[in-house]
Each structure stands twice: as structure tokens, then as C-alpha cells.
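A short worksheet on the structure shown next.
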Amino acid sequence: MNSPVDFINALFNDCPKELNILIGTTKNMEAFKLSDLSENNLLADMFGDKHKLLSNFADKEDIYFSVYPQNETTNKWPSTETTVGISLVWLDVDLAEYKGNSTKDYPTEQEFQDALELLERKTGVRPSIIVHSGRGLHVYFKLDRFYKLEEIDRDIVKRFQDYFRELLGKHLDQTGDFARRGRLPFTINSKASPENRVVTIEHYNEEATV
């Protein structure tokens with residue numbers, strides 16, 4: 001996986017192509033149809049190749065994407081009302097290594113990896129994609145297919161996160177609603193230290209599904 005295009009297509013390849021993914025900054029997110037992103041490579045046109053992207057965005061705003069596909073009436077910000085369905089559950093993991101003297105009991109990266117191994121032993125569930133955000137991890141578990149919201153329990157993400165939090169035994173942010181944005185790999189985290197400034201893909205298993 002070598003580009004933002006590869007990442008978006010891998011994460012949402014089971015979703016209906018007429019749905020939208022929002023991409024942009026905190027101030028301005030634009031809706032892109034999955035069909036356009038995969039067929040016309042609009043994302044590649046936006047960002048160019050990896051080296052061009054790193055130089056262009058070194059001093060600019062951070063880039064995000066909507067974790068869940070949105071409908072055509074989206075207000076340019078992901079929300080429960082505009083979310084059509086889900087093809088994944090996820091974890092937004094802040095790591096102790098990047099939190100300094102925080103009073104919250106964040107896990108170390110090793111503690112998180114230990115909890116992932118425990119999850120697999122207990123349930124057989126493995127992550128599909130792990131993204132290092134620059135200050136933590138965004139962990140995506142793809143479902144076996146795309147589900148419309150009316151087909152599922154709307155607390156599915158929250159319940160998954162609650163279960164993992166019990167295995168972890170540490171602080172884990174609650175991000176179980178649908179108004180969520182993830183950091184786009186190969187872009188910049190302006191809050192991170194220089195050595196972790198680029199958002200990277202740490203793990204990819206295309207066969208792993210929940």
C-alpha cells in the first residue's frame with residue numbers, strides 16, 4: 001500500500017460506489033464518490049505521489065477522511081444523520097509514549113499489542129489496517145461486508161470498543177459514534193514530533209475481517 005489512493009480503496013472496497021467519503025481539513029471537507037476515487041483517481045490528482053505530497057503538505061493543515069460513508073446530502077462534516085452504513089469498526093488509541101505527564105492511564109504500544117493478541121486468542125478477530133497517526137494508532141477492523149445502518153445495532157462500534165477496553169485495561173477514548181474522522185496516511189500530523197510527523201500504515205491484512 002503506497003498511497004492515500006491505495007488506502008481509501010482498500011478500506012472501502014466493499015462499499016457501494018455511489019456513496020461519498022469526505023476528505024479535507026477540519027475547516028473544509030469535500031465529498032468524493034467512491035466510484036470517482038477508484039476509477040478516475042481523483043485522490044491521486046489531489047495529492048500527487050508520495051514525495052510530492054510530503055513536500056506540499058509539510059507546512060499545511062492536517063488532512064482527514066470520514067471513517068464511514070456519507071450520503072449525497074452531507075453537510076461537509078461526517079455525522080450520524082448523513083452516515084449511510086458501515087463496513088468496519090475501529091479503535092482510536094492514544095499511546096502513553098506520546099502523552100507526557102497525562103493523568104489518564106494510556107497504554108504503551110506494547111500493552112496495546114498484547115491486548116490485540118488477546119483479542120485474537122479469544123475471538124479470532126484481527127485488525128485489517130493499523131495506521132500510526134503520529135501520536136497514536138487508528139486501528140480498522142473490516143466487517144465481512146457493507147451494512148446499512150438499519151441492518152445493524154447502532155451501538156456495534158461502541159460495544160466493540162467497550163469489549164476491547166476491558167481486554168486492554170487502560171484508557172481508550174470512546175469514539176463509537178458515526179461522526180468520526182481518521183487521519184489520511186501519507187499526509188502530515190502537524191502536532192506530532194518531527195520523527196513521527198508523517199501518518200504511516202503500520203499493518204495491512206486484506207484477508208482479516210470481523
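Chain labels A, B, ... are given in the sequence in which chains occur in the C-alpha cells; within each chain residues are numbered consecutively from 1, and ligands are likewise numbered from 1 in the order shown.
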
Leaving out Phe186 (chain A) and any residue of its chain fewer than 5 positions from it, which residues lie within 7 Å of it when counting only C-alpha atoms, given as a list in words?
-> Ser3, Pro4, Lys50, Val198, Val199 and Thr200 of chain A

Please identify all polymer residues within 8 Å of Ser128 (chain A), counting only C-alpha atoms, omitting same-chain residues fewer than 2 positions from it, and present them as a PyMOL selection string.
-> chain A and resi 126+130+139-142+203-209

Skip Arg197 (chain A) itself and residues of its chain fewer than 6 positions away, then list as a list in words all residues within 10 Å of it, counting only C-alpha atoms.
->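 Once the adjacent positions are removed, what remains is Leu54, Ala58, His132, Ser133, Gly134, Arg135, Phe186, Thr187, Ile188, Asn189, Ser190 and Lys191 of chain A.
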
Select from region 38-167 of chain A everything DSSP, run on the backbone, classes as strand (DSSP E or B), then give the selection as a ChimeraX atom specification.
-> /A:64-66,70,83,85-94,129-132,136-148

Residues within 9 Å of Phe160 (chain A), only C-alpha atoms, excluding chain neighbours under 3 positions, as a ChimeraX atom specification = /A:89-91,155-157,163-165,176

Next, dump the selected residues to file, keeping only C-alpha atoms, as a PDB file, in the first residue's frame.
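And here is the file that came out, out.pdb:
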```pdb
ATOM      1  CA  VAL A  89     -15.310  -0.949  13.323  1.00  0.00           C
ATOM      2  CA  TRP A  90     -12.309   0.923  14.652  1.00  0.00           C
ATOM      3  CA  LEU A  91     -10.220   1.984  17.625  1.00  0.00           C
ATOM      4  CA  ASP A 155     -24.116   0.590  19.189  1.00  0.00           C
ATOM      5  CA  ILE A 156     -21.971  -2.001  17.400  1.00  0.00           C
ATOM      6  CA  VAL A 157     -18.838   0.159  17.342  1.00  0.00           C
ATOM      7  CA  TYR A 163     -15.009  -5.043  24.907  1.00  0.00           C
ATOM      8  CA  PHE A 164     -11.515  -4.137  23.754  1.00  0.00           C
ATOM      9  CA  ARG A 165     -11.178  -1.607  26.581  1.00  0.00           C
ATOM     10  CA  GLY A 176     -18.249   4.755  18.893  1.00  0.00           C
TER      11      GLY A 176
END
```

May I ask which of the residues A:Leu118, A:Leu172, A:Leu11, A:Leu184 is the closest one to Lys104 (chain A), counting only C-alpha atoms?
-> A:Leu172
